[in-house]
>>> print(open('target.cif').read())   # mmCIF, C-alpha atoms and all ligand atoms
data_upload
#
loop_
_atom_site.label_atom_id
_atom_site.label_comp_id
_atom_site.auth_asym_id
_atom_site.auth_seq_id
_atom_site.Cartn_x
_atom_site.Cartn_y
_atom_site.Cartn_z
CA MET A 86 14.88 0.91 -9.36
CA SER A 87 12.84 -1.77 -11.08
CA ILE A 88 9.39 -3.18 -10.42
CA ARG A 89 8.70 -6.89 -10.84
CA ARG A 90 6.30 -9.57 -9.68
CA ALA A 91 6.91 -10.73 -6.09
CA LEU A 92 8.00 -14.30 -5.49
CA PRO A 93 6.16 -16.50 -2.94
CA GLU A 94 9.44 -17.04 -1.05
CA GLU A 95 9.68 -13.26 -0.46
CA SER A 96 6.73 -13.29 1.97
CA VAL A 97 8.89 -12.83 5.09
CA THR A 98 10.77 -9.85 3.59
CA LEU A 99 7.52 -8.20 2.45
CA THR A 100 5.95 -8.73 5.88
CA GLN A 101 9.03 -7.07 7.43
CA ILE A 102 8.75 -4.08 5.07
CA SER A 103 5.05 -3.56 5.92
CA HIS A 104 5.78 -3.63 9.66
CA ASP A 105 8.77 -1.26 9.33
CA ALA A 106 6.78 1.14 7.13
CA LYS A 107 3.81 1.18 9.52
CA ARG A 108 6.20 1.96 12.41
CA HIS A 109 7.31 5.05 10.43
CA TRP A 110 4.21 6.85 11.76
CA GLY A 111 5.27 6.32 15.39
CA TYR A 112 2.42 4.05 16.50
CA PRO A 113 2.82 2.24 19.86
CA GLU A 114 4.35 -1.21 19.42
CA HIS A 115 1.23 -2.95 20.78
CA TRP A 116 -0.78 -1.33 17.97
CA ILE A 117 1.70 -2.78 15.45
CA GLN A 118 1.19 -6.21 17.07
CA HIS A 119 -2.61 -5.69 16.98
CA TRP A 120 -2.38 -5.11 13.21
CA GLN A 121 -0.01 -8.05 12.65
CA ALA A 122 -2.47 -10.11 10.61
CA ASP A 123 -3.33 -7.17 8.34
CA LEU A 124 0.37 -6.37 7.87
CA SER A 125 1.40 -9.93 7.04
CA VAL A 126 1.77 -11.33 3.54
CA SER A 127 1.78 -15.10 3.02
CA SER A 128 3.30 -17.10 0.18
CA ASP A 129 -0.18 -18.18 -0.90
CA PHE A 130 -1.36 -14.55 -0.97
CA ILE A 131 1.57 -13.66 -3.23
CA SER A 132 0.78 -16.60 -5.53
CA ASN A 133 -2.90 -15.73 -5.78
CA ASN A 134 -2.83 -11.95 -6.18
CA GLN A 135 -1.11 -9.15 -8.05
CA VAL A 136 1.86 -8.50 -5.77
CA TYR A 137 4.75 -6.43 -7.13
CA VAL A 138 8.02 -5.35 -5.54
CA ALA A 139 10.31 -2.38 -6.08
CA GLU A 140 13.91 -3.54 -6.17
CA ASN A 141 17.09 -1.49 -5.98
CA ASP A 142 20.46 -3.23 -6.52
CA GLY A 143 18.91 -6.56 -5.50
CA VAL A 144 17.31 -5.12 -2.32
CA LEU A 145 13.53 -4.97 -1.92
CA ILE A 146 12.54 -1.39 -1.00
CA GLY A 147 8.75 -1.51 -1.30
CA PHE A 148 5.78 -3.45 -2.60
CA TYR A 149 2.08 -3.33 -3.34
CA ALA A 150 -0.71 -5.90 -3.49
CA LEU A 151 -3.78 -5.58 -5.64
CA VAL A 152 -6.66 -7.97 -5.03
CA VAL A 153 -8.92 -8.07 -8.08
CA ARG A 154 -12.55 -9.15 -7.72
CA ASP A 155 -14.61 -8.95 -10.92
CA ASN A 156 -14.31 -5.38 -12.19
CA LYS A 157 -13.19 -3.92 -8.86
CA ALA A 158 -9.92 -4.12 -6.99
CA GLU A 159 -8.61 -3.42 -3.51
CA LEU A 160 -5.14 -1.97 -3.02
CA GLU A 161 -4.52 -4.04 0.11
CA HIS A 162 -0.86 -3.14 0.59
CA LEU A 163 1.41 -0.29 -0.44
CA TRP A 164 4.54 0.05 1.65
CA VAL A 165 7.88 1.71 1.16
CA ALA A 166 10.88 0.77 3.33
CA PRO A 167 11.54 3.67 5.77
CA ASP A 168 14.97 4.57 4.29
CA HIS A 169 13.27 5.17 0.92
CA ILE A 170 10.12 7.00 2.00
CA GLY A 171 9.71 10.31 0.19
CA THR A 172 11.94 9.37 -2.74
CA GLY A 173 9.28 8.61 -5.37
CA VAL A 174 9.09 4.84 -4.83
CA GLY A 175 5.47 4.98 -3.63
CA LYS A 176 4.44 7.02 -6.67
CA GLU A 177 6.07 4.56 -9.10
CA LEU A 178 4.47 1.57 -7.34
CA PHE A 179 1.06 3.29 -7.33
CA ILE A 180 1.23 4.14 -11.06
CA HIS A 181 2.29 0.54 -11.79
CA ALA A 182 -0.65 -0.78 -9.73
CA MET A 183 -3.07 1.41 -11.72
CA GLN A 184 -1.63 0.07 -14.99
CA ILE A 185 -2.08 -3.51 -13.79
CA ALA A 186 -5.64 -2.73 -12.64
CA ALA A 187 -6.54 -1.08 -15.95
CA GLY A 188 -5.13 -4.12 -17.79
CA GLU A 189 -7.48 -6.32 -15.75
CA ASN A 190 -10.45 -4.14 -16.84
CA VAL A 191 -10.94 -2.87 -13.31
CA SER A 192 -13.15 0.23 -13.19
CA GLU A 193 -12.45 1.21 -9.60
CA VAL A 194 -9.64 0.59 -7.13
CA GLU A 195 -10.50 1.10 -3.47
CA ILE A 196 -8.12 1.73 -0.59
CA SER A 197 -8.49 1.79 3.20
CA ALA A 198 -5.67 4.20 3.95
CA ASP A 199 -3.60 4.95 6.98
CA PRO A 200 -4.70 8.52 7.90
CA ASN A 201 -1.09 9.69 7.49
CA ALA A 202 -1.04 8.38 3.91
CA GLU A 203 -4.35 9.92 2.74
CA GLY A 204 -2.57 12.99 1.32
CA PHE A 205 -0.36 10.70 -0.78
CA TYR A 206 -3.36 8.89 -2.28
CA GLN A 207 -5.14 12.17 -2.99
CA ARG A 208 -1.97 13.45 -4.66
CA MET A 209 -2.14 10.28 -6.83
CA GLY A 210 -5.71 11.17 -7.84
CA ALA A 211 -7.81 9.12 -5.41
CA SER A 212 -10.89 10.62 -3.74
CA ARG A 213 -12.32 9.96 -0.31
CA ILE A 214 -15.55 7.92 -0.46
CA GLY A 215 -16.03 7.27 3.26
CA GLU A 216 -14.45 5.94 6.41
CA VAL A 217 -13.86 2.55 7.98
CA THR A 218 -14.21 2.22 11.74
CA SER A 219 -12.38 -0.27 13.90
CA GLU A 220 -11.53 -0.43 17.60
CA ILE A 221 -8.18 -0.21 19.32
CA ASP A 222 -7.38 0.34 23.02
CA GLY A 223 -11.15 0.43 23.61
CA GLN A 224 -11.55 3.46 21.36
CA ALA A 225 -12.96 3.89 17.87
CA ARG A 226 -10.38 4.41 15.14
CA ARG A 227 -11.57 5.80 11.83
CA VAL A 228 -9.51 5.53 8.67
CA PRO A 229 -10.27 7.05 5.28
CA ARG A 230 -11.67 4.96 2.43
CA LEU A 231 -10.63 6.16 -1.00
CA ALA A 232 -11.32 5.21 -4.61
CA ILE A 233 -9.80 5.85 -8.02
CA ASP A 234 -10.59 4.91 -11.61
CA PRO A 235 -7.28 3.32 -12.67
CA SER A 236 -7.65 4.40 -16.28
CA SER A 237 -7.84 8.06 -15.17
CA SER A 238 -4.52 8.12 -13.35
C1 LIG B 1 2.59 6.40 1.85
C2 LIG B 1 3.77 5.91 1.03
C3 LIG B 1 3.42 4.60 0.32
C4 LIG B 1 4.10 6.96 -0.04
O1 LIG B 1 5.26 6.57 -0.75
P1 LIG B 1 6.52 7.56 -0.89
O2 LIG B 1 7.56 6.88 -1.70
O3 LIG B 1 6.93 8.01 0.48
O4 LIG B 1 5.90 8.80 -1.68
P2 LIG B 1 6.52 9.55 -2.96
O5 LIG B 1 7.90 10.02 -2.61
O6 LIG B 1 6.41 8.67 -4.16
O7 LIG B 1 5.55 10.79 -3.08
C5 LIG B 1 4.73 11.04 -4.23
C6 LIG B 1 3.99 12.37 -4.01
O8 LIG B 1 3.08 12.23 -2.89
C7 LIG B 1 3.41 13.18 -1.87
N1 LIG B 1 3.32 12.48 -0.59
C8 LIG B 1 4.05 11.39 -0.21
N2 LIG B 1 3.67 10.98 1.01
C9 LIG B 1 2.71 11.83 1.41
C10 LIG B 1 1.91 11.91 2.60
N3 LIG B 1 2.06 11.01 3.59
N4 LIG B 1 0.99 12.91 2.69
C11 LIG B 1 0.84 13.80 1.67
N5 LIG B 1 1.55 13.76 0.50
C12 LIG B 1 2.47 12.79 0.40
C13 LIG B 1 4.85 13.61 -2.15
O9 LIG B 1 5.09 14.90 -1.66
C14 LIG B 1 4.91 13.52 -3.66
O10 LIG B 1 4.33 14.69 -4.21
P3 LIG B 1 4.91 15.37 -5.58
O11 LIG B 1 4.53 14.42 -6.68
O12 LIG B 1 4.17 16.66 -5.65
O13 LIG B 1 6.39 15.51 -5.40
C15 LIG B 1 5.04 5.72 1.92
O14 LIG B 1 5.40 6.94 2.49
C16 LIG B 1 4.85 4.70 3.06
O15 LIG B 1 5.02 3.51 2.86
N6 LIG B 1 4.54 5.23 4.25
C17 LIG B 1 4.48 4.43 5.48
C18 LIG B 1 3.49 3.32 5.44
C19 LIG B 1 2.07 3.66 4.94
O16 LIG B 1 1.35 4.39 5.58
N7 LIG B 1 1.72 3.09 3.77
C20 LIG B 1 0.40 3.27 3.23
C21 LIG B 1 -0.56 2.31 3.87
S1 LIG B 1 -2.26 2.69 3.44
#
>>> encode(input="target.cif", output="structure tokens", more="lines below")
Ligand SMILES: CC(C)(COP(=O)(O)OP(=O)(O)OC[C@H]1O[C@@H](n2cnc3c(N)ncnc32)[C@H](O)[C@@H]1OP(=O)(O)O)[C@@H](O)C(=O)NCCC(=O)NCCS
Amino acid sequence: MSIRRALPEESVTLTQISHDAKRHWGYPEHWIQHWQADLSVSSDFISNNQVYVAENDGVLIGFYALVVRDNKAELEHLWVAPDHIGTGVGKELFIHAMQIAAGENVSEVEISADPNAEGFYQRMGASRIGEVTSEIDGQARRVPRLAIDPSSS
């Protein structure tokens, strides 16, 4: 497996990976559609941010997106294709993202995590700093907010 910068023309493939990975948790399909904008990656977004893909024999199997603002960054995407979940791809992408963040002199990377992925981020060294609340099906949905100093990971 290798990690390299994403190409703008890979936006459709990356958007497919994020949708497939989110479905891994068994959410109803109308929730996936509700989150469509958040799960989508445009060519412009790839051109303007730190977006890296994991590639295996020419096939994209995961990616992350780091949005750097001054000395902080948001890990806006981290998705592993379902066939490769649990095989170490997420860990390698996360470590790579922290190296990129540290190289940009970022002091803190923040993440709004899927609740099912919080244990992964904590395993990677991130700590919970709060929650983000949204609404779906007329009910409040709270997701964990985490942070990590990239130079500590
Ligand atoms: C969450 C995700 C990125 C993790 O990537 P992964 O390749 O499956 O994880 P890895 O195999 O690299 O696991 C690294 C370590 O984290 C642990 N881990 C992985 N997923 C975990 C989870 N959901 N909860 C708790 N621990 C987890 C592993 O056991 C492993 O621990 P070890 O180092 O002691 O062996 C991936 O499972 C995924 O894309 N899931 C579906 C979509 C999603 O929710 N993405 C995150 C959006 S915020």
>>> atom_distance(input="target.cif", atom1="atom CA of Pro93 of chain A", atom2="atom CA of Ile117 of chain A")
23.4 Å
>>> atom_distance(input="target.cif", atom1="atom C8 of ligand LIG 1 (chain B)", atom2="atom CA of Phe130 of chain A")
26.5 Å
>>> residues_near_ligand(input="target.cif", ligand="ligand LIG 1 (chain B)", cutoff="9 Å", atoms="all atoms listed in the file", output="NGL selection string")
:A and (102-110 or 147-149 or 160-167 or 169-179 or 196-209)
>>> atom_distance(input="target.cif", atom1="atom CA of Met86 of chain A", atom2="atom CA of Val153 of chain A")
25.5 Å
>>> residues_around(input="target.cif", residues="Ile221 of chain A", least_positions_apart="2", cutoff="12 Å", atoms="only C-alpha atoms", output="list in words")
Tyr112, Pro113, His115, Trp116, Ile117, Gln118, His119, Trp120, Thr218, Ser219, Gly223, Gln224, Ala225, Arg226 and Arg227 of chain A
>>> residues_around(input="target.cif", residues="Ala158 of chain A", least_positions_apart="2", cutoff="9 Å", atoms="all atoms listed in the file", output="list in words")
Leu151, Val152, Val153, Arg154, Asp155, Asn156, Leu160, Glu161, Ala186, Val191, Ser192, Glu193, Val194, Glu195 and Ile196 of chain A
>>> write_last_selection(input="target.cif", atoms="C-alpha atoms", output="PDB file, in the coordinates of the input")
ATOM      1  CA  LEU A 151      -3.780  -5.580  -5.640  1.00  0.00           C
ATOM      2  CA  VAL A 152      -6.660  -7.970  -5.030  1.00  0.00           C
ATOM      3  CA  VAL A 153      -8.920  -8.070  -8.080  1.00  0.00           C
ATOM      4  CA  ARG A 154     -12.550  -9.150  -7.720  1.00  0.00           C
ATOM      5  CA  ASP A 155     -14.610  -8.950 -10.920  1.00  0.00           C
ATOM      6  CA  ASN A 156     -14.310  -5.380 -12.190  1.00  0.00           C
ATOM      7  CA  LEU A 160      -5.140  -1.970  -3.020  1.00  0.00           C
ATOM      8  CA  GLU A 161      -4.520  -4.040   0.110  1.00  0.00           C
ATOM      9  CA  ALA A 186      -5.640  -2.730 -12.640  1.00  0.00           C
ATOM     10  CA  VAL A 191     -10.940  -2.870 -13.310  1.00  0.00           C
ATOM     11  CA  SER A 192     -13.150   0.230 -13.190  1.00  0.00           C
ATOM     12  CA  GLU A 193     -12.450   1.210  -9.600  1.00  0.00           C
ATOM     13  CA  VAL A 194      -9.640   0.590  -7.130  1.00  0.00           C
ATOM     14  CA  GLU A 195     -10.500   1.100  -3.470  1.00  0.00           C
ATOM     15  CA  ILE A 196      -8.120   1.730  -0.590  1.00  0.00           C
TER      16      ILE A 196
END
>>> residues_around(input="target.cif", residues="segment 123-128 of chain A", least_positions_apart="5", cutoff="8 Å", atoms="all atoms listed in the file", output="ChimeraX atom specification")
/A:92-97,99-100,103-104
